[in-house]
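One file, coords_25.pdb, carrying PDB, C-alpha atoms:
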ATOM      1  CA  ALA C   1     111.506  -6.185  72.297
ATOM      2  CA  LYS C   2     111.928  -4.109  75.444
ATOM      3  CA  ARG C   3     115.291  -3.011  76.750
ATOM      4  CA  LEU C   4     116.019  -4.287  80.238
ATOM      5  CA  VAL C   5     118.159  -2.099  82.466
ATOM      6  CA  ILE C   6     119.715  -4.226  85.171
ATOM      7  CA  GLU C   7     120.295  -2.315  88.380
ATOM      8  CA  ALA C   8     122.319  -3.325  91.421
ATOM      9  CA  MET C   9     124.963  -4.987  89.265
ATOM     10  CA  PRO C  10     128.184  -3.528  90.664
ATOM     11  CA  SER C  11     130.345  -5.738  88.442
ATOM     12  CA  LEU C  12     129.302  -3.868  85.295
ATOM     13  CA  PRO C  13     128.532  -0.203  84.661
ATOM     14  CA  GLU C  14     125.012   0.759  83.611
ATOM     15  CA  SER C  15     126.309   1.654  80.159
ATOM     16  CA  GLU C  16     126.944  -2.051  79.583
ATOM     17  CA  THR C  17     123.890  -3.543  81.303
ATOM     18  CA  SER C  18     121.503  -1.113  79.584
ATOM     19  CA  VAL C  19     122.011  -2.831  76.236
ATOM     20  CA  ILE C  20     120.505  -6.099  77.475
ATOM     21  CA  ILE C  21     117.269  -6.918  75.637
ATOM     22  CA  GLU C  22     114.421  -8.729  77.357
ATOM     23  CA  SER C  23     112.761 -11.536  75.371
ATOM     24  CA  PRO C  24     109.594 -12.961  76.985
ATOM     25  CA  GLY C  25     109.190 -15.545  74.223
ATOM     26  CA  ALA C  26     112.692 -16.905  74.727
ATOM     27  CA  GLU C  27     112.176 -16.929  78.490
ATOM     28  CA  LYS C  28     109.051 -19.030  77.962
ATOM     29  CA  ASN C  29     110.487 -21.655  75.633
ATOM     30  CA  LYS C  30     114.067 -21.971  76.927
ATOM     31  CA  GLY C  31     113.014 -24.485  79.598
ATOM     32  CA  PRO C  32     111.085 -26.883  77.335
ATOM     33  CA  ILE C  33     113.796 -26.813  74.657
ATOM     34  CA  TRP C  34     116.387 -27.772  77.255
ATOM     35  CA  ASP C  35     114.259 -30.275  79.186
ATOM     36  CA  ILE C  36     112.618 -32.042  76.235
ATOM     37  CA  VAL C  37     115.220 -31.854  73.472
ATOM     38  CA  LEU C  38     118.738 -30.765  74.318
ATOM     39  CA  LYS C  39     119.361 -32.518  77.635
ATOM     40  CA  PRO C  40     117.824 -35.969  77.008
ATOM     41  CA  ILE C  41     118.279 -36.369  73.238
ATOM     42  CA  VAL C  42     120.839 -34.098  71.627
ATOM     43  CA  LEU C  43     123.698 -33.579  74.065
ATOM     44  CA  PRO C  44     124.224 -37.287  74.830
ATOM     45  CA  ALA C  45     124.533 -37.846  71.069
ATOM     46  CA  VAL C  46     127.086 -35.113  70.335
ATOM     47  CA  THR C  47     129.052 -34.574  73.555
ATOM     48  CA  ASN C  48     132.213 -36.451  74.490
ATOM     49  CA  GLY C  49     133.878 -34.301  77.106
ATOM     50  CA  LYS C  50     133.865 -31.407  74.633
ATOM     51  CA  LEU C  51     131.089 -29.430  72.969
ATOM     52  CA  LYS C  52     131.401 -26.898  70.136
ATOM     53  CA  VAL C  53     128.184 -25.060  69.316
ATOM     54  CA  LEU C  54     127.204 -22.607  66.583
ATOM     55  CA  GLU C  55     123.962 -20.837  67.519
ATOM     56  CA  LEU C  56     122.449 -19.010  64.536
ATOM     57  CA  ALA C  57     119.825 -16.279  65.022
ATOM     58  CA  ALA C  58     120.767 -16.327  68.699
ATOM     59  CA  GLY C  59     118.840 -13.153  69.520
ATOM     60  CA  SER C  60     119.403 -11.375  72.816
ATOM     61  CA  GLY C  61     121.197 -14.256  74.538
ATOM     62  CA  VAL C  62     118.428 -15.695  76.722
ATOM     63  CA  HIS C  63     118.772 -19.164  75.191
ATOM     64  CA  THR C  64     122.565 -19.024  75.127
ATOM     65  CA  GLN C  65     122.819 -18.216  78.812
ATOM     66  CA  HIS C  66     120.202 -20.747  79.915
ATOM     67  CA  PHE C  67     121.514 -23.658  77.861
ATOM     68  CA  LEU C  68     125.115 -23.051  78.832
ATOM     69  CA  SER C  69     124.379 -22.682  82.542
ATOM     70  CA  SER C  70     122.264 -25.854  82.407
ATOM     71  CA  ILE C  71     125.077 -27.802  80.733
ATOM     72  CA  LEU C  72     127.558 -26.619  83.352
ATOM     73  CA  ASP C  73     125.157 -27.512  86.163
ATOM     74  CA  ASP C  74     125.231 -31.090  84.878
ATOM     75  CA  ASP C  75     128.960 -31.256  84.157
ATOM     76  CA  LYS C  76     131.321 -28.523  85.320
ATOM     77  CA  ASN C  77     134.294 -30.238  83.688
ATOM     78  CA  ILE C  78     132.964 -30.204  80.143
ATOM     79  CA  ASP C  79     135.005 -28.196  77.625
ATOM     80  CA  ILE C  80     132.534 -25.828  75.907
ATOM     81  CA  GLU C  81     133.083 -23.440  72.997
ATOM     82  CA  TRP C  82     129.889 -21.557  72.126
ATOM     83  CA  HIS C  83     129.694 -19.321  69.040
ATOM     84  CA  PRO C  84     126.527 -17.177  69.121
ATOM     85  CA  SER C  85     125.522 -15.389  65.937
ATOM     86  CA  ASP C  86     122.897 -12.830  64.975
ATOM     87  CA  PRO C  87     122.791 -10.308  62.111
ATOM     88  CA  ASP C  88     121.287  -7.640  64.403
ATOM     89  CA  PRO C  89     123.945  -5.497  66.168
ATOM     90  CA  ALA C  90     121.651  -4.702  69.120
ATOM     91  CA  SER C  91     121.039  -8.401  69.721
ATOM     92  CA  ARG C  92     124.763  -9.101  69.605
ATOM     93  CA  ALA C  93     125.437  -6.337  72.107
ATOM     94  CA  SER C  94     122.786  -7.785  74.417
ATOM     95  CA  LEU C  95     124.209 -11.270  74.079
ATOM     96  CA  ASN C  96     127.751 -10.128  74.841
ATOM     97  CA  ALA C  97     126.536  -8.221  77.900
ATOM     98  CA  ARG C  98     124.638 -11.248  79.193
ATOM     99  CA  ALA C  99     127.734 -13.412  78.800
ATOM    100  CA  LYS C 100     129.794 -10.892  80.753
ATOM    101  CA  LEU C 101     127.211 -10.532  83.525
ATOM    102  CA  ALA C 102     126.944 -14.299  83.887
ATOM    103  CA  VAL C 103     130.754 -14.640  83.921
ATOM    104  CA  MET C 104     130.548 -16.969  80.926
ATOM    105  CA  GLU C 105     133.033 -15.276  78.610
ATOM    106  CA  LYS C 106     135.326 -18.260  79.119
ATOM    107  CA  TYR C 107     132.809 -20.343  77.164
ATOM    108  CA  ILE C 108     130.908 -17.871  74.972
ATOM    109  CA  LEU C 109     132.836 -16.181  72.180
ATOM    110  CA  PRO C 110     131.951 -12.597  71.213
ATOM    111  CA  ALA C 111     128.791 -12.695  69.109
ATOM    112  CA  ASN C 112     129.314 -12.712  65.360
ATOM    113  CA  GLY C 113     127.067 -11.470  62.585
ATOM    114  CA  TRP C 114     127.090 -14.361  60.167
ATOM    115  CA  VAL C 115     123.904 -14.299  58.125
ATOM    116  CA  VAL C 116     122.080 -16.809  55.962
ATOM    117  CA  GLY C 117     119.947 -16.262  52.903
ATOM    118  CA  VAL C 118     119.730 -13.557  50.261
ATOM    119  CA  GLU C 119     121.782 -10.851  51.976
ATOM    120  CA  GLY C 120     124.479 -13.310  52.917
ATOM    121  CA  GLY C 121     124.652 -14.994  49.537
ATOM    122  CA  THR C 122     124.534 -18.675  50.386
ATOM    123  CA  ALA C 123     125.705 -20.124  53.681
ATOM    124  CA  CYS C 124     127.064 -18.148  56.644
ATOM    125  CA  SER C 125     128.702 -15.081  55.137
ATOM    126  CA  ASP C 126     129.128 -11.323  55.187
ATOM    127  CA  GLY C 127     129.110 -11.288  58.980
ATOM    128  CA  ALA C 128     131.042  -9.492  61.677
ATOM    129  CA  ARG C 129     132.430 -10.626  65.005
ATOM    130  CA  ASP C 130     132.232  -7.865  67.580
ATOM    131  CA  THR C 131     135.745  -7.891  68.971
ATOM    132  CA  ASP C 132     138.275  -5.068  69.201
ATOM    133  CA  GLY C 133     136.628  -3.116  66.413
ATOM    134  CA  LYS C 134     137.483  -5.753  63.833
ATOM    135  CA  THR C 135     135.009  -7.450  61.512
ATOM    136  CA  VAL C 136     135.001 -10.988  60.252
ATOM    137  CA  SER C 137     133.776 -11.601  56.728
ATOM    138  CA  SER C 138     133.378 -15.255  55.884
ATOM    139  CA  THR C 139     133.012 -14.333  52.234
ATOM    140  CA  SER C 140     136.694 -13.413  52.232
ATOM    141  CA  SER C 141     137.527 -15.713  55.156
ATOM    142  CA  THR C 142     139.592 -12.901  56.624
ATOM    143  CA  VAL C 143     139.449 -10.565  59.593
ATOM    144  CA  HIS C 144     139.806  -6.897  58.642
ATOM    145  CA  ASP C 145     140.769  -4.067  60.957
ATOM    146  CA  GLY C 146     138.833  -1.354  59.137
ATOM    147  CA  ALA C 147     141.862  -0.172  57.186
ATOM    148  CA  ASP C 148     141.933  -2.965  54.614
ATOM    149  CA  ASN C 149     144.602  -4.788  56.586
ATOM    150  CA  ASP C 150     144.210  -8.545  56.860
ATOM    151  CA  VAL C 151     144.660  -9.551  60.493
ATOM    152  CA  VAL C 152     143.997 -13.270  60.891
ATOM    153  CA  SER C 153     142.421 -16.087  58.951
ATOM    154  CA  GLY C 154     138.672 -16.315  59.456
ATOM    155  CA  MET C 155     135.900 -18.762  58.660
ATOM    156  CA  GLU C 156     137.691 -21.524  56.779
ATOM    157  CA  LYS C 157     138.963 -23.144  59.968
ATOM    158  CA  TYR C 158     135.379 -23.848  61.060
ATOM    159  CA  SER C 159     134.542 -26.280  58.256
ATOM    160  CA  GLY C 160     133.531 -29.567  59.903
ATOM    161  CA  TYR C 161     134.195 -27.978  63.288
ATOM    162  CA  PHE C 162     130.951 -27.919  65.283
ATOM    163  CA  ASP C 163     129.194 -30.692  67.197
ATOM    164  CA  LEU C 164     125.894 -28.814  67.226
ATOM    165  CA  VAL C 165     124.236 -26.081  65.166
ATOM    166  CA  LEU C 166     121.232 -24.559  66.894
ATOM    167  CA  CYS C 167     118.614 -22.276  65.311
ATOM    168  CA  ILE C 168     115.482 -21.245  67.216
ATOM    169  CA  ASN C 169     112.474 -19.377  65.771
ATOM    170  CA  MET C 170     114.235 -18.097  62.657
ATOM    171  CA  ILE C 171     112.783 -20.018  59.711
ATOM    172  CA  HIS C 172     109.265 -18.549  59.823
ATOM    173  CA  ILE C 173     110.409 -14.938  60.245
ATOM    174  CA  ALA C 174     112.824 -14.870  57.312
ATOM    175  CA  PRO C 175     112.639 -15.480  53.549
ATOM    176  CA  TRP C 176     112.816 -19.095  52.391
ATOM    177  CA  GLU C 177     116.340 -18.410  51.105
ATOM    178  CA  ALA C 178     117.431 -18.115  54.729
ATOM    179  CA  THR C 179     116.348 -21.716  55.327
ATOM    180  CA  VAL C 180     118.342 -22.837  52.301
ATOM    181  CA  GLY C 181     121.340 -20.890  53.577
ATOM    182  CA  LEU C 182     120.906 -22.362  57.029
ATOM    183  CA  MET C 183     121.111 -25.885  55.656
ATOM    184  CA  GLU C 184     124.189 -25.036  53.595
ATOM    185  CA  CYS C 185     125.764 -23.469  56.651
ATOM    186  CA  ALA C 186     125.061 -26.456  58.891
ATOM    187  CA  ALA C 187     126.328 -28.884  56.272
ATOM    188  CA  GLN C 188     129.554 -26.924  55.911
ATOM    189  CA  PHE C 189     130.365 -26.344  59.563
ATOM    190  CA  LEU C 190     129.066 -29.472  61.306
ATOM    191  CA  ARG C 191     131.437 -32.381  61.807
ATOM    192  CA  LYS C 192     130.300 -35.782  60.565
ATOM    193  CA  GLY C 193     127.745 -37.052  63.057
ATOM    194  CA  GLY C 194     127.098 -33.530  64.336
ATOM    195  CA  MET C 195     123.511 -32.365  64.754
ATOM    196  CA  LEU C 196     121.333 -29.481  63.605
ATOM    197  CA  VAL C 197     118.449 -28.588  65.926
ATOM    198  CA  LEU C 198     115.604 -26.331  64.804
ATOM    199  CA  TYR C 199     112.666 -25.046  66.830
ATOM    200  CA  GLY C 200     109.510 -23.252  65.773
ATOM    201  CA  ALA C 201     106.038 -23.574  64.285
ATOM    202  CA  TYR C 202     105.534 -25.776  61.212
ATOM    203  CA  LYS C 203     102.790 -26.958  58.899
ATOM    204  CA  ILE C 204     102.422 -30.610  57.916
ATOM    205  CA  GLY C 205     100.929 -31.283  54.506
ATOM    206  CA  GLY C 206     100.223 -27.587  54.097
ATOM    207  CA  THR C 207      98.105 -27.229  57.227
ATOM    208  CA  SER C 208      98.365 -26.952  60.999
ATOM    209  CA  VAL C 209      96.339 -26.105  64.081
ATOM    210  CA  GLU C 210      94.302 -22.919  63.915
ATOM    211  CA  SER C 211      96.732 -20.897  66.065
ATOM    212  CA  ASN C 212      99.624 -21.685  63.719
ATOM    213  CA  LEU C 213      97.545 -20.837  60.645
ATOM    214  CA  LYS C 214      96.632 -17.472  62.174
ATOM    215  CA  PHE C 215     100.288 -16.947  63.033
ATOM    216  CA  ASP C 216     101.196 -17.712  59.414
ATOM    217  CA  GLU C 217      98.622 -15.211  58.198
ATOM    218  CA  SER C 218     100.002 -12.558  60.548
ATOM    219  CA  LEU C 219     103.572 -13.148  59.427
ATOM    220  CA  ARG C 220     102.686 -12.931  55.730
ATOM    221  CA  SER C 221     100.765  -9.700  56.312
ATOM    222  CA  ARG C 222     103.943  -8.199  57.763
ATOM    223  CA  ASN C 223     106.185  -9.569  55.020
ATOM    224  CA  PRO C 224     105.004 -11.780  52.143
ATOM    225  CA  ALA C 225     108.366 -13.591  52.168
ATOM    226  CA  TRP C 226     107.818 -14.793  55.746
ATOM    227  CA  GLY C 227     105.510 -17.549  56.957
ATOM    228  CA  VAL C 228     105.149 -20.854  58.794
ATOM    229  CA  ARG C 229     106.951 -23.416  56.618
ATOM    230  CA  ASN C 230     105.900 -26.874  55.554
ATOM    231  CA  LEU C 231     107.804 -29.482  57.538
ATOM    232  CA  GLU C 232     108.303 -31.525  54.382
ATOM    233  CA  ASP C 233     109.976 -28.613  52.584
ATOM    234  CA  VAL C 234     112.364 -27.996  55.478
ATOM    235  CA  VAL C 235     113.326 -31.675  55.623
ATOM    236  CA  GLU C 236     113.862 -31.748  51.863
ATOM    237  CA  ALA C 237     116.132 -28.680  52.025
ATOM    238  CA  ALA C 238     118.163 -30.335  54.782
ATOM    239  CA  GLU C 239     118.469 -33.668  53.011
ATOM    240  CA  LYS C 240     119.743 -31.950  49.853
ATOM    241  CA  GLU C 241     122.735 -30.867  51.944
ATOM    242  CA  GLY C 242     123.377 -34.307  53.424
ATOM    243  CA  LEU C 243     121.557 -33.662  56.690
ATOM    244  CA  GLU C 244     119.483 -36.681  57.705
ATOM    245  CA  SER C 245     116.202 -36.128  59.523
ATOM    246  CA  VAL C 246     116.426 -38.229  62.694
ATOM    247  CA  GLN C 247     113.548 -37.041  64.885
ATOM    248  CA  ASN C 248     110.674 -34.552  65.104
ATOM    249  CA  VAL C 249     109.716 -33.675  68.651
ATOM    250  CA  ALA C 250     106.338 -32.187  69.597
ATOM    251  CA  MET C 251     106.758 -29.133  71.836
ATOM    252  CA  PRO C 252     104.416 -26.957  73.931
ATOM    253  CA  ALA C 253     102.273 -24.275  72.257
ATOM    254  CA  ASN C 254     102.027 -26.270  68.999
ATOM    255  CA  ASN C 255     105.713 -25.899  68.171
ATOM    256  CA  MET C 256     108.141 -28.589  67.042
ATOM    257  CA  SER C 257     111.831 -29.337  67.324
ATOM    258  CA  LEU C 258     113.422 -30.851  64.215
ATOM    259  CA  LEU C 259     116.608 -32.869  64.649
ATOM    260  CA  PHE C 260     119.041 -33.577  61.811
ATOM    261  CA  ARG C 261     122.393 -35.360  61.694
ATOM    262  CA  LYS C 262     125.221 -34.759  59.218
ATOM    263  CA  SER C 263     125.962 -38.007  57.411
TER     264      SER C 263
END

Using structure tokens, write down the structure that the file contains.
Amino acid sequence: AKRLVIEAMPSLPESETSVIIESPGAEKNKGPIWDIVLKPIVLPAVTNGKLKVLELAAGSGVHTQHFLSSILDDDKNIDIEWHPSDPDPASRASLNARAKLAVMEKYILPANGWVVGVEGGTACSDGARDTDGKTVSSTSSTVHDGADNDVVSGMEKYSGYFDLVLCINMIHIAPWEATVGLMECAAQFLRKGGMLVLYGAYKIGGTSVESNLKFDESLRSRNPAWGVRNLEDVVEAAEKEGLESVQNVAMPANNMSLLFRKS
């Protein structure tokens, strides 16, 4: 990903805007995800004057900014609490800078580093929220200040907390254990009736269109643990955690959005 230096932004010094990462892929798919999935299907099902979102593998913040601004365009009175998360520190820095530039810090919390899969153990764990030099570890459910001093209680308060968990283009570029961890995470932190929304390329019955099969081949050549997943396997992993598959939505460029609801 290229670094985008934003000039002519007097509200922030260049030292802050220079960390913003440009993501052409996210720029391309942010519109369809909003127009086809989030606006007409998901948000009416989970929003009731308030909306609490956990966005896993949020990347550089392109999706976060677009979805949030689109929600506010439709309803400026909605009470939004958006928790973006990414294990990559550079992505978190970019996301935080985008939130500041867009004057959205009222709605978007500082990005955290919750991870899913092997490195994180099971569900969201071993992460860090970038705020005041402190780190949040959900394994210990405590905020530490770097000197082994417990500051405030951490992750436990988020059990059953979120209306929506969102994860875009993560499953195919991570080990399968990350998908298992994602489902555990969503099951733990979604409220009853809350929704999990996934987006990416999938196989059905072990096959897909030629472009997706070539994409799968490319991913596995980079890392044998990566690859385009079978839709059936993803649904099975979700259902094991009490997440009901409610709809699969065909998307542009041979992608799909998978919608699950916590029972």

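The gap separating atom CA of Val103 of chain C from atom CA of Lys39 of chain C is 22.1 Å, in Å to one decimal.
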
- Using only C-alpha atoms, which residue out of C:Ser85, C:Thr47, C:Thr17, C:Ser159 lies closest to Pro110 of chain C?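 Checking each of C:Ser85, C:Thr47, C:Thr17, C:Ser159 against Pro110 of chain C, counting only C-alpha atoms, the winner is C:Ser85.
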
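Separating atom CA of Ile108 of chain C from atom CA of Asn77 of chain C is a distance of 15.5 Å.
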
- Counting all atoms listed in the file, which of C:Ala253, C:Ala178, C:Ala102, C:Val235 gets nearest to Val209 of chain C?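 Of C:Ala253, C:Ala178, C:Ala102, C:Val235, the one nearest Val209 of chain C is C:Ala253, counting all atoms listed in the file.
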
- Message: I'd like the residues picked by the PyMOL selection byres ((chain C and resi 94) around 6) written out as a count of residues only, using the chain letters and numbers from the file.
- Response: 10

- Message: Quick one: residues within 10 Å of Glu217 of chain C, all atoms listed in the file, excluding same-chain residues fewer than 6 positions away - as number ranges by chain?
- Response: C: 211, 223-224, 226-228

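When the PyMOL selection byres ((chain C and resi 83) around 7) is evaluated on the file shown here, the picked residues come out as C:Val53, C:Leu54, C:Glu55, C:Glu81, C:Trp82, C:Pro84, C:Ser85, C:Ile108, C:Leu109, C:Ala111.
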
Selected residues, C-alpha atoms, written as a CSV table (one decimal), in the coordinates of the input, please.
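The result, stored in part-v4.csv:
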chain,number,residue,atom,x,y,z
C,53,VAL,CA,128.2,-25.1,69.3
C,54,LEU,CA,127.2,-22.6,66.6
C,55,GLU,CA,124.0,-20.8,67.5
C,81,GLU,CA,133.1,-23.4,73.0
C,82,TRP,CA,129.9,-21.6,72.1
C,84,PRO,CA,126.5,-17.2,69.1
C,85,SER,CA,125.5,-15.4,65.9
C,108,ILE,CA,130.9,-17.9,75.0
C,109,LEU,CA,132.8,-16.2,72.2
C,111,ALA,CA,128.8,-12.7,69.1

- Message: Could you tell me how far atom CA of Val62 of chain C sits from atom CA of Phe162 of chain C, in Å to one decimal place?
- Response: 20.9 Å

- Sphere at (127.0, -22.9, 77.8), radius 7 Å, counting all atoms listed in the file: residues as a list in words: Thr64, Gln65, Phe67, Leu68, Ser69, Ile71, Leu72, Ile80, Trp82, Tyr107 and Ile108 of chain C

- Task: Starting from the displayed file, determine the output of the PyMOL selection byres ((chain C and resi 256) around 12) and express the residue list as a PyMOL selection string.
- Result: chain C and resi 29+32-33+36-37+168-169+197-204+208+212+228-231+247-255+257-259

- Message: Given all atoms listed in the file as the basis, pick out the residue of C:Asp88, C:Glu244, C:Glu239, C:Glu232 nearest to Gly113 of chain C.
- Response: C:Asp88

- Query: Within 10 Å of His66 of chain C, counting only C-alpha atoms, which residues qualify if same-chain residues fewer than 5 places away don't, as a ChimeraX atom specification?
  - Reply: /C:26-27,30-31,34,61,71

Output as a compact mmCIF listing (two decimals), in the coordinates of the input: segment 53-65 of chain C, completed with N, CA and C atoms.
# COMPACT_ATOMS: atom_id res chain seq x y z
N VAL C 53 129.53 -25.41 69.75
CA VAL C 53 128.18 -25.06 69.32
C VAL C 53 128.20 -23.78 68.48
N LEU C 54 127.49 -23.80 67.36
CA LEU C 54 127.20 -22.61 66.58
C LEU C 54 125.72 -22.33 66.72
N GLU C 55 125.37 -21.21 67.34
CA GLU C 55 123.96 -20.84 67.52
C GLU C 55 123.63 -19.70 66.56
N LEU C 56 122.85 -20.00 65.53
CA LEU C 56 122.45 -19.01 64.54
C LEU C 56 121.14 -18.35 64.95
N ALA C 57 121.00 -17.06 64.62
CA ALA C 57 119.82 -16.28 65.02
C ALA C 57 119.65 -16.36 66.53
N ALA C 58 120.75 -16.12 67.24
CA ALA C 58 120.77 -16.33 68.70
C ALA C 58 119.97 -15.29 69.46
N GLY C 59 119.65 -14.16 68.84
CA GLY C 59 118.84 -13.15 69.52
C GLY C 59 119.58 -12.49 70.66
N SER C 60 118.86 -12.20 71.73
CA SER C 60 119.40 -11.38 72.82
C SER C 60 120.26 -12.15 73.81
N GLY C 61 120.33 -13.48 73.67
CA GLY C 61 121.20 -14.26 74.54
C GLY C 61 120.50 -15.02 75.64
N VAL C 62 119.17 -14.97 75.69
CA VAL C 62 118.43 -15.70 76.72
C VAL C 62 118.67 -17.20 76.60
N HIS C 63 118.54 -17.73 75.39
CA HIS C 63 118.77 -19.16 75.19
C HIS C 63 120.23 -19.53 75.47
N THR C 64 121.14 -18.74 74.95
CA THR C 64 122.56 -19.02 75.13
C THR C 64 122.91 -19.18 76.59
N GLN C 65 122.50 -18.21 77.39
CA GLN C 65 122.82 -18.22 78.81
C GLN C 65 122.17 -19.40 79.53
